[in-house]
Structure formats: structure tokens, C-alpha cells
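For reference, structure-v3.pdb (PDB, N, CA and C atoms, pLDDT in the B column):
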```pdb
MODEL        1
ATOM      1  N   MET S  30      -8.520 -22.769 -18.320  1.00 69.00           N
ATOM      2  CA  MET S  30      -9.952 -22.526 -18.535  1.00 69.00           C
ATOM      3  C   MET S  30     -10.631 -22.148 -17.214  1.00 69.00           C
ATOM      4  N   ASP S  31     -10.242 -22.800 -16.140  1.00 83.00           N
ATOM      5  CA  ASP S  31     -10.812 -22.503 -14.827  1.00 83.00           C
ATOM      6  C   ASP S  31     -10.461 -21.079 -14.402  1.00 83.00           C
ATOM      7  N   LYS S  32      -9.214 -20.689 -14.673  1.00 85.00           N
ATOM      8  CA  LYS S  32      -8.792 -19.322 -14.348  1.00 85.00           C
ATOM      9  C   LYS S  32      -9.628 -18.305 -15.109  1.00 85.00           C
ATOM     10  N   LEU S  33      -9.904 -18.603 -16.356  1.00 79.00           N
ATOM     11  CA  LEU S  33     -10.703 -17.707 -17.197  1.00 79.00           C
ATOM     12  C   LEU S  33     -12.104 -17.542 -16.606  1.00 79.00           C
ATOM     13  N   ASN S  34     -12.688 -18.651 -16.146  1.00 80.00           N
ATOM     14  CA  ASN S  34     -14.018 -18.592 -15.537  1.00 80.00           C
ATOM     15  C   ASN S  34     -14.007 -17.727 -14.282  1.00 80.00           C
ATOM     16  N   LYS S  35     -12.954 -17.842 -13.482  1.00 83.00           N
ATOM     17  CA  LYS S  35     -12.857 -17.048 -12.254  1.00 83.00           C
ATOM     18  C   LYS S  35     -12.789 -15.559 -12.562  1.00 83.00           C
ATOM     19  N   ILE S  36     -12.240 -15.212 -13.705  1.00 80.00           N
ATOM     20  CA  ILE S  36     -12.148 -13.805 -14.113  1.00 80.00           C
ATOM     21  C   ILE S  36     -13.464 -13.345 -14.737  1.00 80.00           C
ATOM     22  N   THR S  37     -14.017 -14.153 -15.637  1.00 84.00           N
ATOM     23  CA  THR S  37     -15.176 -13.710 -16.425  1.00 84.00           C
ATOM     24  C   THR S  37     -16.467 -13.685 -15.617  1.00 84.00           C
ATOM     25  N   VAL S  38     -16.617 -14.593 -14.656  1.00 84.00           N
ATOM     26  CA  VAL S  38     -17.864 -14.631 -13.880  1.00 84.00           C
ATOM     27  C   VAL S  38     -18.046 -13.353 -13.065  1.00 84.00           C
ATOM     28  N   PRO S  39     -17.075 -12.936 -12.246  1.00 87.00           N
ATOM     29  CA  PRO S  39     -17.254 -11.674 -11.517  1.00 87.00           C
ATOM     30  C   PRO S  39     -17.414 -10.480 -12.456  1.00 87.00           C
ATOM     31  N   ALA S  40     -16.718 -10.497 -13.577  1.00 87.00           N
ATOM     32  CA  ALA S  40     -16.813  -9.397 -14.538  1.00 87.00           C
ATOM     33  C   ALA S  40     -18.223  -9.310 -15.107  1.00 87.00           C
ATOM     34  N   SER S  41     -18.811 -10.441 -15.456  1.00 89.00           N
ATOM     35  CA  SER S  41     -20.165 -10.429 -16.020  1.00 89.00           C
ATOM     36  C   SER S  41     -21.185 -10.016 -14.964  1.00 89.00           C
ATOM     37  N   GLN S  42     -20.942 -10.400 -13.705  1.00 91.00           N
ATOM     38  CA  GLN S  42     -21.833  -9.976 -12.618  1.00 91.00           C
ATOM     39  C   GLN S  42     -21.739  -8.468 -12.425  1.00 91.00           C
ATOM     40  N   LYS S  43     -20.518  -7.933 -12.468  1.00 92.00           N
ATOM     41  CA  LYS S  43     -20.326  -6.489 -12.343  1.00 92.00           C
ATOM     42  C   LYS S  43     -20.999  -5.764 -13.493  1.00 92.00           C
ATOM     43  N   LEU S  44     -20.871  -6.318 -14.688  1.00 92.00           N
ATOM     44  CA  LEU S  44     -21.489  -5.717 -15.870  1.00 92.00           C
ATOM     45  C   LEU S  44     -23.007  -5.691 -15.708  1.00 92.00           C
ATOM     46  N   ARG S  45     -23.561  -6.775 -15.187  1.00 94.00           N
ATOM     47  CA  ARG S  45     -25.005  -6.844 -14.970  1.00 94.00           C
ATOM     48  C   ARG S  45     -25.438  -5.797 -13.944  1.00 94.00           C
ATOM     49  N   GLN S  46     -24.658  -5.671 -12.854  1.00 94.00           N
ATOM     50  CA  GLN S  46     -24.960  -4.667 -11.835  1.00 94.00           C
ATOM     51  C   GLN S  46     -24.892  -3.271 -12.429  1.00 94.00           C
ATOM     52  N   LEU S  47     -23.874  -3.044 -13.265  1.00 92.00           N
ATOM     53  CA  LEU S  47     -23.693  -1.748 -13.909  1.00 92.00           C
ATOM     54  C   LEU S  47     -24.880  -1.437 -14.816  1.00 92.00           C
ATOM     55  N   GLN S  48     -25.296  -2.426 -15.604  1.00 94.00           N
ATOM     56  CA  GLN S  48     -26.441  -2.232 -16.496  1.00 94.00           C
ATOM     57  C   GLN S  48     -27.706  -1.940 -15.696  1.00 94.00           C
ATOM     58  N   LYS S  49     -27.864  -2.623 -14.556  1.00 93.00           N
ATOM     59  CA  LYS S  49     -29.024  -2.391 -13.694  1.00 93.00           C
ATOM     60  C   LYS S  49     -28.981  -0.971 -13.139  1.00 93.00           C
ATOM     61  N   MET S  50     -27.798  -0.539 -12.718  1.00 89.00           N
ATOM     62  CA  MET S  50     -27.632   0.820 -12.204  1.00 89.00           C
ATOM     63  C   MET S  50     -27.992   1.848 -13.266  1.00 89.00           C
ATOM     64  N   VAL S  51     -27.477   1.643 -14.471  1.00 88.00           N
ATOM     65  CA  VAL S  51     -27.760   2.561 -15.581  1.00 88.00           C
ATOM     66  C   VAL S  51     -29.262   2.578 -15.858  1.00 88.00           C
ATOM     67  N   HIS S  52     -29.872   1.407 -15.850  1.00 89.00           N
ATOM     68  CA  HIS S  52     -31.316   1.292 -16.078  1.00 89.00           C
ATOM     69  C   HIS S  52     -32.086   2.054 -14.998  1.00 89.00           C
ATOM     70  N   ASP S  53     -31.685   1.859 -13.727  1.00 86.00           N
ATOM     71  CA  ASP S  53     -32.342   2.544 -12.613  1.00 86.00           C
ATOM     72  C   ASP S  53     -32.159   4.049 -12.723  1.00 86.00           C
ATOM     73  N   ILE S  54     -30.952   4.480 -13.085  1.00 80.00           N
ATOM     74  CA  ILE S  54     -30.662   5.908 -13.232  1.00 80.00           C
ATOM     75  C   ILE S  54     -31.544   6.501 -14.323  1.00 80.00           C
ATOM     76  N   LYS S  55     -31.671   5.802 -15.433  1.00 83.00           N
ATOM     77  CA  LYS S  55     -32.510   6.296 -16.533  1.00 83.00           C
ATOM     78  C   LYS S  55     -33.964   6.398 -16.088  1.00 83.00           C
ATOM     79  N   ASN S  56     -34.424   5.424 -15.298  1.00 80.00           N
ATOM     80  CA  ASN S  56     -35.803   5.449 -14.805  1.00 80.00           C
ATOM     81  C   ASN S  56     -36.020   6.600 -13.830  1.00 80.00           C
ATOM     82  N   ASN S  57     -35.011   6.878 -13.014  1.00 75.00           N
ATOM     83  CA  ASN S  57     -35.134   7.881 -11.955  1.00 75.00           C
ATOM     84  C   ASN S  57     -34.548   9.224 -12.358  1.00 75.00           C
ATOM     85  N   GLU S  58     -34.231   9.378 -13.629  1.00 74.00           N
ATOM     86  CA  GLU S  58     -33.508  10.564 -14.082  1.00 74.00           C
ATOM     87  C   GLU S  58     -34.228  11.846 -13.691  1.00 74.00           C
ATOM     88  N   GLY S  59     -35.540  11.881 -13.875  1.00 72.00           N
ATOM     89  CA  GLY S  59     -36.318  13.064 -13.523  1.00 72.00           C
ATOM     90  C   GLY S  59     -36.131  13.426 -12.062  1.00 72.00           C
ATOM     91  N   GLY S  60     -36.263  12.446 -11.181  1.00 74.00           N
ATOM     92  CA  GLY S  60     -36.118  12.683  -9.747  1.00 74.00           C
ATOM     93  C   GLY S  60     -34.713  13.122  -9.385  1.00 74.00           C
ATOM     94  N   ILE S  61     -33.714  12.469  -9.982  1.00 68.00           N
ATOM     95  CA  ILE S  61     -32.317  12.811  -9.701  1.00 68.00           C
ATOM     96  C   ILE S  61     -32.014  14.228 -10.174  1.00 68.00           C
ATOM     97  N   MET S  62     -32.473  14.565 -11.370  1.00 69.00           N
ATOM     98  CA  MET S  62     -32.213  15.903 -11.909  1.00 69.00           C
ATOM     99  C   MET S  62     -32.862  16.966 -11.029  1.00 69.00           C
ATOM    100  N   ASN S  63     -34.051  16.689 -10.522  1.00 74.00           N
ATOM    101  CA  ASN S  63     -34.725  17.640  -9.634  1.00 74.00           C
ATOM    102  C   ASN S  63     -33.945  17.823  -8.340  1.00 74.00           C
ATOM    103  N   LYS S  64     -33.424  16.727  -7.791  1.00 75.00           N
ATOM    104  CA  LYS S  64     -32.622  16.803  -6.566  1.00 75.00           C
ATOM    105  C   LYS S  64     -31.386  17.660  -6.796  1.00 75.00           C
ATOM    106  N   ILE S  65     -30.718  17.433  -7.927  1.00 72.00           N
ATOM    107  CA  ILE S  65     -29.495  18.177  -8.243  1.00 72.00           C
ATOM    108  C   ILE S  65     -29.814  19.665  -8.377  1.00 72.00           C
ATOM    109  N   LYS S  66     -30.910  19.978  -9.045  1.00 76.00           N
ATOM    110  CA  LYS S  66     -31.288  21.379  -9.249  1.00 76.00           C
ATOM    111  C   LYS S  66     -31.637  22.053  -7.926  1.00 76.00           C
ATOM    112  N   LYS S  67     -32.274  21.309  -7.014  1.00 75.00           N
ATOM    113  CA  LYS S  67     -32.686  21.874  -5.723  1.00 75.00           C
ATOM    114  C   LYS S  67     -31.494  22.097  -4.802  1.00 75.00           C
ATOM    115  N   GLU S  68     -30.507  21.199  -4.868  1.00 70.00           N
ATOM    116  CA  GLU S  68     -29.343  21.315  -3.982  1.00 70.00           C
ATOM    117  C   GLU S  68     -28.478  22.496  -4.388  1.00 70.00           C
ATOM    118  N   PRO S  69     -28.139  23.378  -3.431  1.00 68.00           N
ATOM    119  CA  PRO S  69     -27.237  24.485  -3.766  1.00 68.00           C
ATOM    120  C   PRO S  69     -25.819  23.973  -3.989  1.00 68.00           C
ATOM    121  N   CYS S  70     -25.176  24.439  -5.029  1.00 60.00           N
ATOM    122  CA  CYS S  70     -23.830  23.981  -5.349  1.00 60.00           C
ATOM    123  C   CYS S  70     -22.804  24.728  -4.514  1.00 60.00           C
TER     124      CYS S  70
ENDMDL
END
```
Give the structure from the file, written as C-alpha cells.
Amino acid sequence: MDKLNKITVPASQKLRQLQKMVHDIKNNEGGIMNKIKKEPC
């Protein structure tokens, strides 16, 4: 059970960070898309 906790806790923290990143990306999507369009490929 202790081993399971050691695995699941970092995983849930990573998932939370990932969700926060996705949330931030969605909020900043307009700005990010403008940056991408302005940058020459």
C-alpha cells in the first residue's frame, strides 16, 4: 500500500500540473496563436 502511495501521489501531482497547463494554454490561446502567426516558420 505504501508503494502504491509513492506512485500515485507524484502521478496525481503531475496530472494537476498538466491540467493547470492545459487551463493556462486555453486561457492564453489567443496570445499564443498570435505569436505563432507572427513568427516566421
Checklist entry - Interatomic distance between CA of Arg45 in chain S and CA of Lys66 in chain S? => result 29.5 Å
Item to check | Pairwise distance for CA of Asn56 in chain S and CA of Val38 in chain S, rounded to one decimal in Å | outcome: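 Interatomic distance here is 26.9 Å.
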Item to check | Computed interatomic separation between atom C of His52 in chain S and atom C of Ile36 in chain S (Å) | outcome: 24.2 Å
